[in-house]
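Reproduced below: query_0.cif, with mmCIF, C-alpha atoms.
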data_final
#
loop_
_atom_site.label_atom_id
_atom_site.label_comp_id
_atom_site.auth_asym_id
_atom_site.auth_seq_id
_atom_site.Cartn_x
_atom_site.Cartn_y
_atom_site.Cartn_z
CA MET A 2 24.87 -18.87 24.45
CA GLY A 3 26.25 -15.57 25.45
CA VAL A 4 25.16 -12.21 26.61
CA ILE A 5 24.08 -9.99 23.78
CA ARG A 6 25.70 -6.66 24.49
CA ARG A 7 24.01 -3.74 22.94
CA HIS A 8 26.54 -0.98 22.66
CA GLY A 9 25.96 2.25 20.89
CA SER A 10 22.74 3.97 20.13
CA PHE A 11 20.28 4.51 17.36
CA VAL A 12 18.17 7.28 15.98
CA LEU A 13 14.96 7.08 13.98
CA GLN A 14 15.15 9.31 10.96
CA VAL A 15 12.40 10.42 8.63
CA ASN A 16 12.90 11.42 5.04
CA PRO A 17 10.43 14.31 4.67
CA ILE A 18 10.54 14.07 0.88
CA LEU A 19 9.12 10.56 0.95
CA CYS A 20 6.77 11.05 3.89
CA ASP A 21 3.12 11.37 3.00
CA GLY A 22 1.75 11.65 6.49
CA PHE A 23 0.09 8.25 6.78
CA GLY A 24 0.64 8.34 10.51
CA HIS A 25 1.54 4.67 10.88
CA CYS A 26 4.79 5.51 12.63
CA ALA A 27 3.04 7.40 15.40
CA GLU A 28 0.86 4.36 16.05
CA LEU A 29 3.73 1.90 15.92
CA ALA A 30 6.24 3.94 17.92
CA PRO A 31 4.21 6.35 20.02
CA ASP A 32 7.12 6.97 22.36
CA LEU A 33 9.42 8.10 19.56
CA VAL A 34 7.16 9.80 17.06
CA HIS A 35 4.80 12.67 17.56
CA LEU A 36 2.61 14.07 14.84
CA ASP A 37 2.29 17.72 14.06
CA GLU A 38 -1.08 19.19 13.23
CA TRP A 39 -0.72 18.21 9.58
CA GLY A 40 -0.02 14.61 10.44
CA TYR A 41 3.67 14.61 9.70
CA PRO A 42 6.05 13.03 12.20
CA ILE A 43 8.23 14.95 14.57
CA ILE A 44 11.04 12.77 15.84
CA SER A 45 13.66 13.76 18.33
CA PRO A 46 17.12 13.78 16.75
CA ASP A 47 18.72 12.67 20.02
CA PRO A 48 20.09 9.14 19.83
CA LEU A 49 18.59 6.52 22.09
CA PRO A 50 20.64 3.66 23.51
CA LEU A 51 20.33 0.33 21.78
CA ALA A 52 19.94 -1.20 25.23
CA ASP A 53 16.47 0.28 25.28
CA VAL A 54 15.08 -2.78 23.56
CA GLY A 55 11.48 -1.66 23.60
CA ALA A 56 12.23 1.64 21.91
CA TYR A 57 14.49 -0.05 19.37
CA GLU A 58 11.91 -2.67 18.52
CA SER A 59 9.18 -0.08 18.08
CA ALA A 60 11.50 1.95 15.86
CA ARG A 61 12.07 -1.11 13.71
CA TYR A 62 8.33 -1.72 13.55
CA ALA A 63 7.80 1.86 12.45
CA GLU A 64 10.49 1.51 9.79
CA ARG A 65 8.89 -1.65 8.48
CA GLY A 66 5.34 -0.38 8.72
CA CYS A 67 5.85 2.90 6.89
CA PRO A 68 3.86 2.74 3.66
CA ARG A 69 6.30 5.08 1.94
CA GLN A 70 9.59 3.71 3.28
CA ALA A 71 10.31 7.16 4.66
CA LEU A 72 11.74 5.96 7.96
CA HIS A 73 15.20 4.67 8.65
CA VAL A 74 16.73 3.41 11.85
CA ALA A 75 20.30 4.61 11.86
CA LYS A 76 22.92 3.19 14.17
CA VAL A 77 25.02 5.78 15.94
CA HIS A 78 28.49 4.54 16.73
CA GLU A 79 30.39 5.47 19.80
CA GLY A 80 32.44 8.61 19.41
CA GLY A 81 30.27 9.87 16.61
CA ALA A 82 29.47 12.99 18.67
CA GLY A 83 25.81 12.23 18.43
CA THR A 84 25.54 12.86 14.71
CA PRO A 85 24.69 9.76 12.69
CA ALA A 86 26.32 9.39 9.34
CA PRO A 87 23.66 9.93 6.69
CA ARG A 88 23.22 7.26 4.10
CA ALA A 89 24.31 8.08 0.61
CA GLY A 90 21.53 9.49 -1.48
CA ASP A 91 19.19 9.85 1.42
CA GLY A 92 18.70 13.55 1.16
CA PRO A 93 17.91 15.61 4.19
CA VAL A 94 17.19 13.52 7.21
CA SER A 95 16.25 14.02 10.83
CA ARG A 96 14.49 17.32 10.84
CA SER A 97 15.01 18.98 14.13
CA PRO A 98 11.74 19.83 15.85
CA ARG A 99 11.21 23.51 15.39
CA PRO A 100 8.68 25.50 17.35
CA LEU A 101 5.53 25.83 15.36
CA MET B 14 -1.28 -41.66 -6.65
CA ILE B 15 -4.86 -42.10 -5.55
CA ALA B 16 -5.33 -38.37 -5.61
CA LEU B 17 -4.15 -38.13 -9.18
CA THR B 18 -6.86 -40.43 -10.44
CA THR B 19 -9.70 -39.35 -8.18
CA PRO B 20 -11.61 -36.10 -8.64
CA TYR B 21 -10.53 -34.70 -5.27
CA LEU B 22 -7.57 -32.88 -6.77
CA TRP B 23 -9.88 -31.20 -9.22
CA TYR B 24 -12.26 -30.28 -6.41
CA THR B 25 -9.31 -28.77 -4.56
CA THR B 26 -8.50 -26.70 -7.62
CA ARG B 27 -12.02 -25.36 -7.81
CA ALA B 28 -12.30 -24.68 -4.10
CA THR B 29 -8.95 -22.96 -3.74
CA GLY B 30 -9.70 -20.88 -6.80
CA VAL B 31 -12.88 -19.57 -5.23
CA VAL B 32 -11.16 -18.95 -1.90
CA ALA B 33 -8.26 -17.16 -3.60
CA MET B 34 -10.70 -14.94 -5.46
CA VAL B 35 -12.46 -13.94 -2.24
CA LEU B 36 -9.15 -13.43 -0.43
CA PHE B 37 -7.72 -11.24 -3.18
CA THR B 38 -10.91 -9.20 -3.11
CA LEU B 39 -10.37 -8.62 0.59
CA VAL B 40 -6.70 -7.79 0.00
CA VAL B 41 -7.52 -5.20 -2.63
CA ALA B 42 -10.26 -3.68 -0.49
CA LEU B 43 -7.97 -3.49 2.53
CA GLY B 44 -5.23 -1.94 0.43
CA THR B 45 -7.71 0.72 -0.62
CA LEU B 46 -8.50 1.35 3.02
CA VAL B 47 -4.80 1.84 3.73
CA ALA B 48 -4.25 4.12 0.76
CA ASN B 49 -7.23 6.30 1.61
CA ARG B 50 -6.11 6.55 5.22
CA VAL B 51 -8.97 4.81 6.97
CA GLY B 52 -8.45 4.06 10.63
CA GLY B 53 -6.75 5.72 13.48
CA THR B 54 -9.73 5.84 15.79
CA PHE B 55 -11.08 2.48 16.87
CA ILE B 56 -8.68 0.52 14.68
CA GLY B 57 -5.16 1.61 13.95
CA ARG B 58 -4.11 2.43 10.43
CA PHE B 59 -1.11 0.19 10.82
CA GLU B 60 -3.41 -2.65 11.82
CA ILE B 61 -5.31 -2.41 8.55
CA ASN B 62 -1.95 -2.36 6.78
CA GLU B 63 -0.80 -5.45 8.67
CA VAL B 64 -4.00 -7.32 7.88
CA HIS B 65 -3.57 -6.33 4.25
CA ARG B 66 -0.04 -7.70 4.18
CA SER B 67 -0.83 -10.88 6.08
CA LEU B 68 -3.95 -11.65 4.10
CA SER B 69 -2.03 -11.21 0.85
CA MET B 70 0.35 -13.95 1.99
CA VAL B 71 -2.58 -16.28 2.66
CA ALA B 72 -4.10 -15.42 -0.70
CA VAL B 73 -0.85 -16.18 -2.50
CA VAL B 74 -0.66 -19.56 -0.73
CA PHE B 75 -4.16 -20.41 -1.92
CA LEU B 76 -3.26 -19.25 -5.42
CA VAL B 77 -0.19 -21.49 -5.46
CA ILE B 78 -2.25 -24.46 -4.26
CA HIS B 79 -4.81 -23.67 -6.94
CA ILE B 80 -2.16 -23.73 -9.64
CA LEU B 81 -0.25 -26.74 -8.36
CA THR B 82 -3.36 -28.88 -8.06
CA THR B 83 -4.39 -27.86 -11.56
CA VAL B 84 -1.00 -28.93 -12.87
CA ALA B 85 -0.95 -32.15 -10.92
CA ASP B 86 -4.46 -33.18 -11.79
CA SER B 87 -4.89 -35.48 -14.72
CA TYR B 88 -8.38 -34.23 -15.54
CA VAL B 89 -7.05 -31.24 -17.47
CA SER B 90 -3.88 -31.17 -19.53
CA THR B 91 -2.46 -27.97 -18.14
CA GLY B 92 1.25 -28.00 -17.56
CA LEU B 93 3.47 -26.00 -15.30
CA ILE B 94 4.47 -23.75 -18.21
CA SER B 95 0.85 -22.88 -18.87
CA ALA B 96 0.55 -21.36 -15.41
CA VAL B 97 3.12 -18.72 -16.34
CA VAL B 98 3.18 -18.42 -20.12
CA PRO B 99 -0.12 -17.52 -21.76
CA MET B 100 -1.64 -19.47 -24.63
CA THR B 101 0.21 -22.69 -23.94
CA SER B 102 -2.62 -24.67 -22.40
CA ALA B 103 -4.53 -27.22 -24.43
CA TYR B 104 -7.44 -27.01 -21.99
CA LYS B 105 -9.44 -23.77 -22.38
CA ARG B 106 -6.59 -21.96 -24.04
CA VAL B 107 -7.72 -18.35 -23.75
CA PRO B 108 -9.27 -18.46 -20.24
CA VAL B 109 -6.21 -20.22 -18.82
CA ALA B 110 -4.02 -17.69 -20.64
CA ILE B 111 -5.88 -14.88 -18.87
CA GLY B 112 -5.26 -16.68 -15.61
CA ALA B 113 -1.56 -16.94 -16.44
CA VAL B 114 -1.42 -13.21 -17.08
CA ALA B 115 -3.15 -12.59 -13.77
CA PHE B 116 -0.70 -14.89 -12.00
CA ASP B 117 2.26 -13.07 -13.53
CA LEU B 118 0.91 -9.69 -12.47
CA ILE B 119 0.15 -10.91 -8.95
CA MET B 120 3.63 -12.42 -8.70
CA ALA B 121 5.17 -9.11 -9.78
CA VAL B 122 3.22 -7.25 -7.13
CA TRP B 123 4.00 -9.86 -4.50
CA VAL B 124 7.74 -10.08 -5.16
CA SER B 125 8.10 -6.32 -5.31
CA SER B 126 6.34 -6.09 -1.98
CA LEU B 127 8.65 -8.70 -0.50
CA LEU B 128 11.59 -6.64 -1.73
CA LYS B 129 10.01 -3.42 -0.56
CA LEU B 130 12.82 -2.53 1.80
CA ARG B 131 15.39 -3.02 -0.96
CA ILE B 132 13.86 -1.23 -3.93
CA LYS B 133 12.87 2.36 -4.43
CA ASN B 134 9.46 3.23 -3.10
CA ALA B 135 8.49 4.81 -6.41
CA SER B 136 9.24 1.53 -8.19
CA TRP B 137 7.21 -0.40 -5.64
CA ARG B 138 4.30 1.98 -6.05
CA PHE B 139 4.42 1.78 -9.82
CA ILE B 140 4.35 -2.01 -9.69
CA HIS B 141 1.64 -1.96 -7.04
CA TRP B 142 -0.73 -0.14 -9.38
CA PHE B 143 -0.79 -3.32 -11.47
CA SER B 144 -2.60 -5.13 -8.67
CA TRP B 145 -5.82 -3.63 -10.05
CA LEU B 146 -5.08 -5.07 -13.46
CA GLY B 147 -4.09 -8.38 -11.90
CA PHE B 148 -7.33 -8.59 -10.00
CA ALA B 149 -9.40 -7.68 -13.03
CA THR B 150 -7.76 -10.34 -15.18
CA SER B 151 -8.06 -12.91 -12.43
CA LEU B 152 -11.75 -12.17 -12.14
CA VAL B 153 -12.20 -12.61 -15.89
CA HIS B 154 -10.30 -15.86 -15.56
CA ALA B 155 -12.56 -16.92 -12.70
CA PHE B 156 -15.68 -16.21 -14.72
CA LEU B 157 -14.48 -17.84 -17.93
CA THR B 158 -12.76 -20.87 -16.43
CA GLY B 159 -14.73 -21.45 -13.27
CA THR B 160 -16.89 -24.53 -13.31
CA ASP B 161 -19.12 -23.02 -10.64
CA ALA B 162 -19.02 -19.44 -11.86
CA HIS B 163 -21.96 -19.54 -14.24
CA GLN B 164 -24.86 -20.33 -11.99
CA GLY B 165 -26.07 -20.06 -8.46
CA LEU B 166 -23.82 -19.14 -5.62
CA GLY B 167 -20.66 -19.06 -7.71
CA LEU B 168 -22.07 -16.43 -10.02
CA VAL B 169 -23.25 -14.40 -7.06
CA LEU B 170 -19.78 -14.63 -5.53
CA VAL B 171 -18.03 -13.51 -8.70
CA GLY B 172 -20.43 -10.60 -9.04
CA LEU B 173 -19.97 -9.67 -5.42
CA CYS B 174 -16.18 -9.64 -5.71
CA ALA B 175 -16.36 -7.57 -8.88
CA ALA B 176 -18.72 -5.10 -7.23
CA VAL B 177 -16.58 -4.77 -4.12
CA VAL B 178 -13.41 -4.07 -6.08
CA ALA B 179 -15.18 -1.74 -8.50
CA LEU B 180 -16.51 0.26 -5.56
CA ALA B 181 -13.06 0.22 -4.00
CA ALA B 182 -11.53 1.56 -7.20
CA LEU B 183 -14.15 4.28 -7.45
CA TRP B 184 -13.60 5.28 -3.85
CA ARG B 185 -9.84 5.11 -4.31
CA TYR B 186 -10.20 7.66 -7.07
CA LEU B 187 -12.79 9.95 -5.54
CA GLY B 188 -11.79 9.75 -1.91
CA ARG B 189 -8.07 9.95 -2.38
CA PRO B 190 -6.32 12.26 0.04
CA THR B 191 -5.30 15.57 -1.40
CA ARG B 192 -1.93 15.66 0.25
CA ALA B 193 -0.55 12.38 -0.91
CA ALA B 194 -1.57 12.34 -4.53
CA GLY B 195 0.97 13.03 -7.19
CA ARG B 196 3.93 11.67 -5.35
CA THR B 197 5.18 10.04 -8.48
CA ALA B 198 4.53 11.30 -11.96
CA LEU B 199 3.78 7.73 -12.99
CA SER B 200 0.81 7.57 -10.69
CA PRO B 201 -2.61 7.46 -12.34
CA LEU B 202 -3.75 9.82 -9.62
CA ALA B 203 -1.01 12.32 -10.35
CA SER B 204 -3.25 15.38 -10.38
CA PRO B 205 -4.57 15.86 -6.87
CA PRO B 206 -8.13 16.98 -6.24
CA VAL B 207 -8.72 20.48 -5.05
CA PRO B 208 -8.50 20.40 -1.27
CA PRO B 209 -11.63 21.57 0.46
CA ARG B 210 -10.92 24.44 2.78
CA GLU B 211 -13.14 23.10 5.51
CA ARG B 212 -10.77 20.28 6.36
CA PHE B 213 -7.92 22.53 7.34
CA PRO B 214 -7.39 23.61 10.90
CA GLU B 215 -7.85 27.20 11.91
CA SER B 216 -4.14 27.82 12.04
CA PHE B 217 -3.57 26.83 8.44
CA PRO B 218 -1.97 29.58 6.37
CA LYS B 219 -4.65 31.62 4.74
CA THR B 220 -4.70 31.65 0.98
CA PRO B 221 -6.91 33.84 -1.18
CA PRO B 222 -10.26 32.17 -1.81
CA ARG B 223 -10.60 30.28 -5.03
CA PRO B 224 -13.59 30.89 -7.28
CA ARG B 225 -15.83 27.87 -7.12
CA ALA B 226 -18.09 26.58 -9.82
CA GLY B 227 -21.20 26.73 -7.72
CA ARG B 228 -21.88 25.64 -4.18
CA SER B 229 -19.38 23.93 -2.00
CA THR B 230 -21.05 20.60 -2.66
CA THR B 231 -19.81 20.52 -6.23
CA PRO B 232 -19.41 16.95 -7.41
CA LEU B 233 -15.88 15.83 -7.88
CA THR B 234 -16.41 15.35 -11.57
CA GLN B 235 -17.10 19.06 -11.99
CA ARG B 236 -14.13 20.29 -10.09
CA PRO B 237 -11.63 22.36 -12.01
CA THR B 238 -8.89 20.28 -13.46
CA THR B 239 -6.21 22.90 -13.06
CA PRO B 240 -3.66 22.19 -10.36
CA PRO B 241 -4.34 23.93 -7.08
CA PRO B 242 -2.80 27.39 -7.01
CA ALA B 243 -0.35 28.79 -4.54
CA PRO B 244 2.12 26.28 -3.15
CA ARG B 245 1.61 26.30 0.56
CA ALA B 246 5.14 27.27 1.33
CA ALA B 247 4.72 30.49 -0.65
CA SER B 248 1.64 31.63 1.25
CA PRO B 249 2.20 34.57 3.56
CA ALA B 250 2.82 32.87 6.85
CA PRO B 251 5.98 34.34 8.38
CA THR B 252 5.80 32.39 11.61
CA THR B 253 5.21 28.99 10.04
CA PRO B 254 8.13 27.06 8.60
CA PRO B 255 7.56 25.58 5.17
CA ARG B 256 5.94 22.22 5.32
CA PRO B 257 7.01 19.22 3.31
CA THR B 258 4.32 19.59 0.71
CA SER B 259 3.27 16.88 -1.62
CA ARG B 260 4.14 18.82 -4.71
CA GLY B 261 7.78 17.82 -4.76
CA ARG B 262 8.91 15.02 -6.94
CA ARG B 263 11.76 12.82 -6.06
#
In structure tokens, how does this file's structure come out?
Amino acid sequence: MGVIRRHGSFVLQVNPILCDGFGHCAELAPDLVHLDEWGYPIISPDPLPLADVGAYESARYAERGCPRQALHVAKVHEGGAGTPAPRAGDGPVSRSPRPL
Amino acid sequence: MIALTTPYLWYTTRATGVVAMVLFTLVVALGTLVANRVGGTFIGRFEINEVHRSLSMVAVVFLVIHILTTVADSYVSTGLISAVVPMTSAYKRVPVAIGAVAFDLIMAVWVSSLLKLRIKNASWRFIHWFSWLGFATSLVHAFLTGTDAHQGLGLVLVGLCAAVVALAALWRYLGRPTRAAGRTALSPLASPPVPPRERFPESFPKTPPRPRAGRSTTPLTQRPTTPPPAPRAASPAPTTPPRPTSRGRR
């Protein structure tokens, strides 16, 4: 019975190699994921605070609901200068949104 | 004890078998809807996916009840081993063996889906293709073993389930999205169909027109089998960054 403190932040990352553009993530996390005109997700690389429970939950739903397991919710630790440590063998992650 | 000597356990076996067959038909059909990217307008794509996942759990529960009541019932001499290992049942050896094969395939698909977050997606996909085989064998099992499957409503139900899944398989093959096919070389759909130009938005990078074998309404069976030319990233579009195309293999 204590207060759950949510320090740190998270970022939703997409592996563009695995992504097939099903579009489930944009339905599950519409605040985090936008689709480009080909149906592929564009996700902001900026970390969001874990205290934002709604955003975190929707990111977890998107990670679970992806039919290709292309999404990953990465925890960003304090002092990490905003760059999450990529998982081993994950390939390129978190495409920065470029102007189309 | 009463249940072991009364026919109600056997009735439960028959009833849950029929219900499991219908449920697995729905699961396969819904999985086809997900794979061919239905939804997104009045029903979300993720909702179809969630119904597919949830309904598969219900179907597995009915399948387990079907098997356990068969084992527990004294009317047939089918043991617990016979539910997993083929050709070990004294009662209807070959039909029950086909059911055991179907159960093994369904268990492989189910367990791999439960472990989906922990295994490679290519492995999961490869195992998931066997759901078609599992359904086909289970339907053969239903027809050969089913007490009710040879006349009347039971026969109609078996035929209906077979027709639904056959149509789903046909549509899965013909209506598969061009972009997602060929993700794994193990996929039976590894060669993607030629994408029709009309589906692309106006801003899509222009590629030189392909010669077509007739009008644009060429049936899919007459489409050229060569892979589509010109990877999209190589098309002359200086202002557009290269897209993550579906040609890459992991």
Run the PyMOL selection byres ((chain A) within 9 of (chain B)) mentally over the shown coordinates, then write out the matched residues as a PDB file with C-alpha atoms, in the frame of the given file, using the chain letters and numbers from the document.
ATOM      1  CA  PRO A  17      10.430  14.310   4.670  1.00  0.00           C
ATOM      2  CA  ILE A  18      10.540  14.070   0.880  1.00  0.00           C
ATOM      3  CA  LEU A  19       9.120  10.560   0.950  1.00  0.00           C
ATOM      4  CA  CYS A  20       6.770  11.050   3.890  1.00  0.00           C
ATOM      5  CA  ASP A  21       3.120  11.370   3.000  1.00  0.00           C
ATOM      6  CA  GLY A  22       1.750  11.650   6.490  1.00  0.00           C
ATOM      7  CA  PHE A  23       0.090   8.250   6.780  1.00  0.00           C
ATOM      8  CA  GLY A  24       0.640   8.340  10.510  1.00  0.00           C
ATOM      9  CA  HIS A  25       1.540   4.670  10.880  1.00  0.00           C
ATOM     10  CA  CYS A  26       4.790   5.510  12.630  1.00  0.00           C
ATOM     11  CA  GLU A  28       0.860   4.360  16.050  1.00  0.00           C
ATOM     12  CA  LEU A  29       3.730   1.900  15.920  1.00  0.00           C
ATOM     13  CA  GLU A  38      -1.080  19.190  13.230  1.00  0.00           C
ATOM     14  CA  TRP A  39      -0.720  18.210   9.580  1.00  0.00           C
ATOM     15  CA  TYR A  41       3.670  14.610   9.700  1.00  0.00           C
ATOM     16  CA  ARG A  65       8.890  -1.650   8.480  1.00  0.00           C
ATOM     17  CA  GLY A  66       5.340  -0.380   8.720  1.00  0.00           C
ATOM     18  CA  CYS A  67       5.850   2.900   6.890  1.00  0.00           C
ATOM     19  CA  PRO A  68       3.860   2.740   3.660  1.00  0.00           C
ATOM     20  CA  ARG A  69       6.300   5.080   1.940  1.00  0.00           C
ATOM     21  CA  GLN A  70       9.590   3.710   3.280  1.00  0.00           C
ATOM     22  CA  ALA A  71      10.310   7.160   4.660  1.00  0.00           C
ATOM     23  CA  ARG A  99      11.210  23.510  15.390  1.00  0.00           C
ATOM     24  CA  PRO A 100       8.680  25.500  17.350  1.00  0.00           C
ATOM     25  CA  LEU A 101       5.530  25.830  15.360  1.00  0.00           C
TER      26      LEU A 101
END
Exercise for the section: Name the residues in contact with range 52-58 of chain A at a cut-off of 8 Å, using all atoms listed in the file, excluding same-chain residues fewer than 6 positions from it; report them as an NGL selection string. Expected result: :A and (6-8 or 10-11 or 30 or 32-33)
Once you have the residues from the selection above, write them out as a PDB file, keeping the file's coordinate frame, restricted to C-alpha atoms.
ATOM      1  CA  ARG A   6      25.700  -6.660  24.490  1.00  0.00           C
ATOM      2  CA  ARG A   7      24.010  -3.740  22.940  1.00  0.00           C
ATOM      3  CA  HIS A   8      26.540  -0.980  22.660  1.00  0.00           C
ATOM      4  CA  SER A  10      22.740   3.970  20.130  1.00  0.00           C
ATOM      5  CA  PHE A  11      20.280   4.510  17.360  1.00  0.00           C
ATOM      6  CA  ALA A  30       6.240   3.940  17.920  1.00  0.00           C
ATOM      7  CA  ASP A  32       7.120   6.970  22.360  1.00  0.00           C
ATOM      8  CA  LEU A  33       9.420   8.100  19.560  1.00  0.00           C
TER       9      LEU A  33
END
Exercise for the section: Pull out every residue that the PyMOL selection byres ((chain B and resi 174) around 12) matches in the shown coordinates and put them as a PyMOL selection string. Expected result: chain B and resi 31-42+148-149+151-153+155-156+162+167-173+175-181
Exercise for the section: Would you work out the distance separating CA of Leu118 in chain B from CA of Ile80 in chain B, expressed in Å to one decimal? Expected result: 14.6 Å
Exercise for the section: Can you turn the PyMOL selection byres ((chain B and resi 112) around 9) into a concrete residue list for this file, as JSON, numbers by chain? Expected result: {"B": [96, 97, 99, 107, 108, 109, 110, 111, 113, 114, 115, 116, 117, 150, 151, 152, 153, 154, 155, 158]}
Exercise for the section: Have a look at A:Gln14, A:Gly9, A:Leu49, A:Lys76 and name the one nearest to Glu64 in chain A; count only C-alpha atoms. Expected result: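 Checking each candidate against Glu64 in chain A, we get A:Gln14 as the closest.
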Size and centre in Å, one decimal, axis-aligned box, all listed range 120-126 of chain B atoms plus 5 Å per side, as AutoDock Vina command-line options:
--center_x 5.7 --center_y -9.3 --center_z -5.9 --size_x 14.9 --size_y 16.3 --size_z 17.8
Problem - Computed interatomic separation between CA of Thr29 in chain B and CA of Leu93 in chain B (Å) - result: 17.2 Å
